[in-house]
>>> print(open('upload31.txt').read())   # compact mmCIF, C-alpha atoms
# COMPACT_ATOMS: atom_id res chain seq x y z
CA MET A 118 -36.64 -8.89 -40.83
CA LEU A 119 -36.48 -5.52 -42.49
CA LEU A 120 -34.80 -4.63 -45.75
CA MET A 121 -33.12 -1.22 -45.74
CA ARG A 122 -29.82 0.47 -46.47
CA LEU A 123 -27.20 -0.05 -43.78
CA ARG A 124 -26.86 3.69 -43.18
CA ASP A 125 -30.62 3.88 -42.48
CA ALA A 126 -30.43 0.91 -40.11
CA ILE A 127 -27.49 2.53 -38.28
CA ALA A 128 -29.50 5.73 -37.91
CA GLU A 129 -32.25 3.67 -36.24
CA MET A 130 -29.73 2.46 -33.64
CA GLU A 131 -29.20 5.94 -32.19
CA GLY A 132 -28.55 5.64 -28.47
CA VAL A 133 -27.03 2.15 -28.74
CA ALA A 134 -23.25 2.00 -28.34
CA GLY A 135 -22.03 0.45 -31.56
CA ALA A 136 -19.96 0.99 -34.67
CA GLN A 137 -19.75 0.09 -38.31
CA VAL A 138 -16.74 -2.22 -38.45
CA HIS A 139 -16.87 -3.18 -42.11
CA ARG A 140 -18.75 -2.10 -45.21
CA SER A 141 -21.72 -4.31 -44.42
CA TRP A 142 -21.38 -4.77 -40.65
CA TRP A 143 -22.52 -2.72 -37.67
CA ILE A 144 -22.09 -4.25 -34.21
CA ALA A 145 -23.25 -3.31 -30.74
CA HIS A 146 -20.37 -2.81 -28.31
CA ARG A 147 -22.10 -4.93 -25.65
CA ALA A 148 -22.17 -7.94 -28.04
CA ILE A 149 -18.37 -8.21 -28.35
CA LEU A 150 -17.07 -11.41 -26.80
CA ARG A 151 -13.47 -11.19 -28.01
CA CYS A 152 -11.21 -9.56 -30.61
CA ASP A 153 -8.50 -11.48 -32.41
CA PRO A 154 -5.82 -10.18 -34.79
CA ALA A 155 -6.18 -11.51 -38.34
CA GLY A 156 -3.14 -10.51 -40.35
CA ARG A 157 -3.23 -6.72 -40.73
CA SER A 158 -6.81 -6.57 -39.53
CA TRP A 159 -9.03 -8.11 -36.81
CA LEU A 160 -11.92 -10.51 -36.32
CA ILE A 161 -14.48 -9.69 -33.67
CA THR A 162 -16.40 -12.60 -32.17
CA LEU A 163 -19.87 -11.72 -30.94
CA ASP A 164 -21.59 -13.31 -27.95
CA GLY A 165 -23.72 -15.40 -30.34
CA GLY A 166 -20.57 -16.98 -31.82
CA LEU A 167 -20.60 -15.02 -35.09
CA SER A 168 -17.19 -13.79 -36.31
CA VAL A 169 -17.26 -10.33 -37.86
CA PRO A 170 -14.46 -8.97 -40.08
CA VAL A 171 -12.98 -5.55 -39.38
CA ALA A 172 -12.01 -3.38 -42.35
CA ARG A 173 -8.30 -2.55 -42.27
CA ASP A 174 -9.01 1.15 -42.68
CA SER A 175 -11.31 1.06 -39.62
CA VAL A 176 -8.83 -0.48 -37.17
CA ALA A 177 -7.36 2.79 -35.81
CA ARG A 178 -10.83 4.38 -35.43
CA LEU A 179 -12.16 1.31 -33.60
CA GLN A 180 -9.11 1.19 -31.32
CA ARG A 181 -9.62 4.85 -30.38
CA ALA A 182 -13.31 4.14 -29.70
CA GLY A 183 -12.48 1.17 -27.44
CA PHE A 184 -13.90 -1.55 -29.69
CA LEU A 185 -10.47 -3.07 -30.34
CA PRO A 186 -7.43 -3.28 -28.08
CA ALA A 187 -4.51 -1.01 -28.97
CA SER A 188 -1.86 -2.91 -30.88
>>> encode(input="upload31.txt", output="structure tokens")
Amino acid sequence: MLLMRLRDAIAEMEGVAGAQVHRSWWIAHRAILRCDPAGRSWLITLDGGLSVPVARDSVARLQRAGFLPAS
């Protein structure tokens, strides 16, 4: 385990298809199992069973990038 700022960790993931979906969450696209609406936002379930919140202000960007289905 390494302790670093999220922006530094994201920079280390160059070349891996992924996105920051919430203030403290970055996910790899290949790890997405399913996406479920949660009120005005979404929850993304990863292949390990972890549910990740999506920031409401990131929904449109993630839909354009193919991480979330268009609503």
>>> residues_around(input="upload31.txt", residues="Ser175 (chain A)", least_positions_apart="3", cutoff="9 Å", atoms="all atoms listed in the file", output="list in words")
Gln137, Val138, His139, Ser158, Val171, Ala172, Arg178, Leu179 and Gln180 of chain A
>>> write_last_selection(input="upload31.txt", atoms="C-alpha atoms", output="mmCIF file, in the frame of the given file")
data_model
loop_
_atom_site.group_PDB
_atom_site.id
_atom_site.type_symbol
_atom_site.label_atom_id
_atom_site.label_comp_id
_atom_site.auth_asym_id
_atom_site.auth_seq_id
_atom_site.Cartn_x
_atom_site.Cartn_y
_atom_site.Cartn_z
ATOM 1 C CA GLN A 137 -19.750 0.090 -38.310
ATOM 2 C CA VAL A 138 -16.740 -2.220 -38.450
ATOM 3 C CA HIS A 139 -16.870 -3.180 -42.110
ATOM 4 C CA SER A 158 -6.810 -6.570 -39.530
ATOM 5 C CA VAL A 171 -12.980 -5.550 -39.380
ATOM 6 C CA ALA A 172 -12.010 -3.380 -42.350
ATOM 7 C CA ARG A 178 -10.830 4.380 -35.430
ATOM 8 C CA LEU A 179 -12.160 1.310 -33.600
ATOM 9 C CA GLN A 180 -9.110 1.190 -31.320
#
>>> closest_residue(input="upload31.txt", among="A:Gly156, A:Gly165, A:Pro170, A:Pro186", to="Trp142 (chain A)", atoms="only C-alpha atoms")
A:Pro170
>>> residues_near_point(input="upload31.txt", point="(-15.2, -13.2, -33.0)", cutoff="8 Å", atoms="only C-alpha atoms", output="short mmCIF file (atom, residue, chain, number, x, y, z; two decimals) with C-alpha atoms, keeping the file's coordinate frame")
data_model
loop_
_atom_site.label_atom_id
_atom_site.label_comp_id
_atom_site.auth_asym_id
_atom_site.auth_seq_id
_atom_site.Cartn_x
_atom_site.Cartn_y
_atom_site.Cartn_z
CA ILE A 149 -18.37 -8.21 -28.35
CA LEU A 150 -17.07 -11.41 -26.80
CA ARG A 151 -13.47 -11.19 -28.01
CA CYS A 152 -11.21 -9.56 -30.61
CA ASP A 153 -8.50 -11.48 -32.41
CA LEU A 160 -11.92 -10.51 -36.32
CA ILE A 161 -14.48 -9.69 -33.67
CA THR A 162 -16.40 -12.60 -32.17
CA LEU A 163 -19.87 -11.72 -30.94
CA GLY A 166 -20.57 -16.98 -31.82
CA LEU A 167 -20.60 -15.02 -35.09
CA SER A 168 -17.19 -13.79 -36.31
CA VAL A 169 -17.26 -10.33 -37.86
#
>>> closest_residue(input="upload31.txt", among="A:Ala136, A:Ala145, A:Met121, A:Ala128", to="Val176 (chain A)", atoms="all atoms listed in the file")
A:Ala136
>>> closest_residue(input="upload31.txt", among="A:Ser141, A:Arg147, A:Ala177, A:Ala134", to="Trp159 (chain A)", atoms="only C-alpha atoms")
A:Ala177
>>> closest_residue(input="upload31.txt", among="A:Val133, A:Ile144, A:Leu120, A:Ala126", to="Phe184 (chain A)", atoms="only C-alpha atoms")
A:Ile144
>>> atom_distance(input="upload31.txt", atom1="CA of Trp143 (chain A)", atom2="CA of Asp125 (chain A)")
11.5 Å
>>> atom_distance(input="upload31.txt", atom1="CA of Gly132 (chain A)", atom2="CA of Ala155 (chain A)")
29.9 Å
>>> atom_distance(input="upload31.txt", atom1="CA of Leu119 (chain A)", atom2="CA of Arg140 (chain A)")
18.3 Å
>>> decode(input="upload31.txt", residues="region 121-154 of chain A", atoms="N, CA, C and O atoms", output="mmCIF file, in the first residue's frame")
data_model
loop_
_atom_site.group_PDB
_atom_site.id
_atom_site.type_symbol
_atom_site.label_atom_id
_atom_site.label_comp_id
_atom_site.auth_asym_id
_atom_site.auth_seq_id
_atom_site.Cartn_x
_atom_site.Cartn_y
_atom_site.Cartn_z
ATOM 1 N N MET A 121 -0.363 8.420 -1.084
ATOM 2 C CA MET A 121 -0.066 9.557 -1.965
ATOM 3 C C MET A 121 -1.355 10.293 -2.283
ATOM 4 O O MET A 121 -2.444 9.772 -2.043
ATOM 5 N N ARG A 122 -1.219 11.477 -2.840
ATOM 6 C CA ARG A 122 -2.404 12.225 -3.259
ATOM 7 C C ARG A 122 -3.057 11.488 -4.422
ATOM 8 O O ARG A 122 -2.380 10.862 -5.244
ATOM 9 N N LEU A 123 -4.376 11.596 -4.494
ATOM 10 C CA LEU A 123 -5.110 10.903 -5.562
ATOM 11 C C LEU A 123 -4.640 11.370 -6.927
ATOM 12 O O LEU A 123 -4.459 10.560 -7.826
ATOM 13 N N ARG A 124 -4.404 12.649 -7.103
ATOM 14 C CA ARG A 124 -3.984 13.136 -8.425
ATOM 15 C C ARG A 124 -2.636 12.530 -8.832
ATOM 16 O O ARG A 124 -2.401 12.273 -9.998
ATOM 17 N N ASP A 125 -1.750 12.263 -7.860
ATOM 18 C CA ASP A 125 -0.471 11.616 -8.168
ATOM 19 C C ASP A 125 -0.679 10.150 -8.534
ATOM 20 O O ASP A 125 -0.037 9.628 -9.441
ATOM 21 N N ALA A 126 -1.591 9.487 -7.826
ATOM 22 C CA ALA A 126 -1.897 8.089 -8.127
ATOM 23 C C ALA A 126 -2.520 7.964 -9.518
ATOM 24 O O ALA A 126 -2.184 7.053 -10.276
ATOM 25 N N ILE A 127 -3.402 8.909 -9.871
ATOM 26 C CA ILE A 127 -4.024 8.888 -11.195
ATOM 27 C C ILE A 127 -2.963 9.075 -12.272
ATOM 28 O O ILE A 127 -2.992 8.399 -13.302
ATOM 29 N N ALA A 128 -2.027 9.947 -12.025
ATOM 30 C CA ALA A 128 -0.945 10.171 -12.991
ATOM 31 C C ALA A 128 -0.132 8.901 -13.210
ATOM 32 O O ALA A 128 0.345 8.637 -14.316
ATOM 33 N N GLU A 129 0.001 8.080 -12.179
ATOM 34 C CA GLU A 129 0.726 6.812 -12.294
ATOM 35 C C GLU A 129 -0.035 5.786 -13.131
ATOM 36 O O GLU A 129 0.545 4.806 -13.589
ATOM 37 N N MET A 130 -1.323 5.999 -13.335
ATOM 38 C CA MET A 130 -2.158 5.050 -14.073
ATOM 39 C C MET A 130 -2.234 5.382 -15.560
ATOM 40 O O MET A 130 -3.078 4.852 -16.273
ATOM 41 N N GLU A 131 -1.348 6.235 -16.037
ATOM 42 C CA GLU A 131 -1.337 6.595 -17.453
ATOM 43 C C GLU A 131 -1.286 5.334 -18.314
ATOM 44 O O GLU A 131 -0.526 4.407 -18.050
ATOM 45 N N GLY A 132 -2.122 5.283 -19.317
ATOM 46 C CA GLY A 132 -2.182 4.121 -20.191
ATOM 47 C C GLY A 132 -3.254 3.116 -19.791
ATOM 48 O O GLY A 132 -3.538 2.182 -20.531
ATOM 49 N N VAL A 133 -3.853 3.292 -18.616
ATOM 50 C CA VAL A 133 -4.934 2.416 -18.165
ATOM 51 C C VAL A 133 -6.239 3.174 -18.354
ATOM 52 O O VAL A 133 -6.381 4.304 -17.892
ATOM 53 N N ALA A 134 -7.191 2.579 -19.060
ATOM 54 C CA ALA A 134 -8.485 3.231 -19.275
ATOM 55 C C ALA A 134 -9.222 3.309 -17.946
ATOM 56 O O ALA A 134 -9.557 2.291 -17.350
ATOM 57 N N GLY A 135 -9.423 4.520 -17.470
ATOM 58 C CA GLY A 135 -10.096 4.717 -16.201
ATOM 59 C C GLY A 135 -10.494 6.160 -16.035
ATOM 60 O O GLY A 135 -10.183 7.006 -16.872
ATOM 61 N N ALA A 136 -11.210 6.449 -14.946
ATOM 62 C CA ALA A 136 -11.682 7.806 -14.712
ATOM 63 C C ALA A 136 -11.893 8.031 -13.223
ATOM 64 O O ALA A 136 -12.196 7.100 -12.475
ATOM 65 N N GLN A 137 -11.744 9.288 -12.842
ATOM 66 C CA GLN A 137 -12.097 9.682 -11.487
ATOM 67 C C GLN A 137 -13.608 9.887 -11.484
ATOM 68 O O GLN A 137 -14.135 10.714 -12.222
ATOM 69 N N VAL A 138 -14.306 9.122 -10.660
ATOM 70 C CA VAL A 138 -15.769 9.163 -10.660
ATOM 71 C C VAL A 138 -16.334 9.932 -9.475
ATOM 72 O O VAL A 138 -17.509 10.272 -9.455
ATOM 73 N N HIS A 139 -15.498 10.182 -8.495
ATOM 74 C CA HIS A 139 -15.890 10.911 -7.299
ATOM 75 C C HIS A 139 -14.639 11.533 -6.724
ATOM 76 O O HIS A 139 -13.529 11.190 -7.139
ATOM 77 N N ARG A 140 -14.781 12.407 -5.789
ATOM 78 C CA ARG A 140 -13.635 13.118 -5.224
ATOM 79 C C ARG A 140 -12.501 12.194 -4.793
ATOM 80 O O ARG A 140 -11.341 12.493 -4.995
ATOM 81 N N SER A 141 -12.836 11.067 -4.233
ATOM 82 C CA SER A 141 -11.796 10.168 -3.728
ATOM 83 C C SER A 141 -11.790 8.803 -4.407
ATOM 84 O O SER A 141 -11.286 7.835 -3.842
ATOM 85 N N TRP A 142 -12.349 8.730 -5.626
ATOM 86 C CA TRP A 142 -12.427 7.446 -6.331
ATOM 87 C C TRP A 142 -11.967 7.574 -7.773
ATOM 88 O O TRP A 142 -12.445 8.425 -8.515
ATOM 89 N N TRP A 143 -11.061 6.691 -8.157
ATOM 90 C CA TRP A 143 -10.671 6.488 -9.555
ATOM 91 C C TRP A 143 -10.925 5.015 -9.820
ATOM 92 O O TRP A 143 -10.594 4.158 -8.988
ATOM 93 N N ILE A 144 -11.536 4.687 -10.967
ATOM 94 C CA ILE A 144 -11.787 3.281 -11.278
ATOM 95 C C ILE A 144 -11.287 2.959 -12.680
ATOM 96 O O ILE A 144 -11.288 3.811 -13.568
ATOM 97 N N ALA A 145 -10.860 1.729 -12.851
ATOM 98 C CA ALA A 145 -10.477 1.237 -14.172
ATOM 99 C C ALA A 145 -11.752 0.831 -14.916
ATOM 100 O O ALA A 145 -12.637 0.192 -14.334
ATOM 101 N N HIS A 146 -11.832 1.179 -16.172
ATOM 102 C CA HIS A 146 -13.011 0.864 -16.974
ATOM 103 C C HIS A 146 -13.260 -0.647 -17.014
ATOM 104 O O HIS A 146 -14.397 -1.102 -16.933
ATOM 105 N N ARG A 147 -12.195 -1.427 -17.119
ATOM 106 C CA ARG A 147 -12.348 -2.884 -17.225
ATOM 107 C C ARG A 147 -12.906 -3.523 -15.953
ATOM 108 O O ARG A 147 -13.353 -4.659 -15.973
ATOM 109 N N ALA A 148 -12.896 -2.794 -14.823
ATOM 110 C CA ALA A 148 -13.376 -3.349 -13.555
ATOM 111 C C ALA A 148 -14.872 -3.159 -13.337
ATOM 112 O O ALA A 148 -15.437 -3.709 -12.402
ATOM 113 N N ILE A 149 -15.541 -2.412 -14.226
ATOM 114 C CA ILE A 149 -16.967 -2.136 -14.054
ATOM 115 C C ILE A 149 -17.784 -3.387 -14.343
ATOM 116 O O ILE A 149 -17.706 -3.965 -15.420
ATOM 117 N N LEU A 150 -18.569 -3.789 -13.368
ATOM 118 C CA LEU A 150 -19.472 -4.925 -13.524
ATOM 119 C C LEU A 150 -20.851 -4.439 -13.943
ATOM 120 O O LEU A 150 -21.464 -4.978 -14.859
ATOM 121 N N ARG A 151 -21.353 -3.405 -13.255
ATOM 122 C CA ARG A 151 -22.653 -2.840 -13.617
ATOM 123 C C ARG A 151 -22.775 -1.420 -13.076
ATOM 124 O O ARG A 151 -22.051 -1.017 -12.176
ATOM 125 N N CYS A 152 -23.726 -0.680 -13.630
ATOM 126 C CA CYS A 152 -24.000 0.699 -13.233
ATOM 127 C C CYS A 152 -25.482 0.804 -12.917
ATOM 128 O O CYS A 152 -26.318 0.398 -13.724
ATOM 129 N N ASP A 153 -25.787 1.335 -11.751
ATOM 130 C CA ASP A 153 -27.179 1.450 -11.331
ATOM 131 C C ASP A 153 -27.503 2.891 -10.954
ATOM 132 O O ASP A 153 -26.728 3.528 -10.226
ATOM 133 N N PRO A 154 -28.656 3.417 -11.425
ATOM 134 C CA PRO A 154 -29.057 4.759 -11.011
ATOM 135 C C PRO A 154 -29.286 4.786 -9.506
ATOM 136 O O PRO A 154 -29.765 3.817 -8.913
#
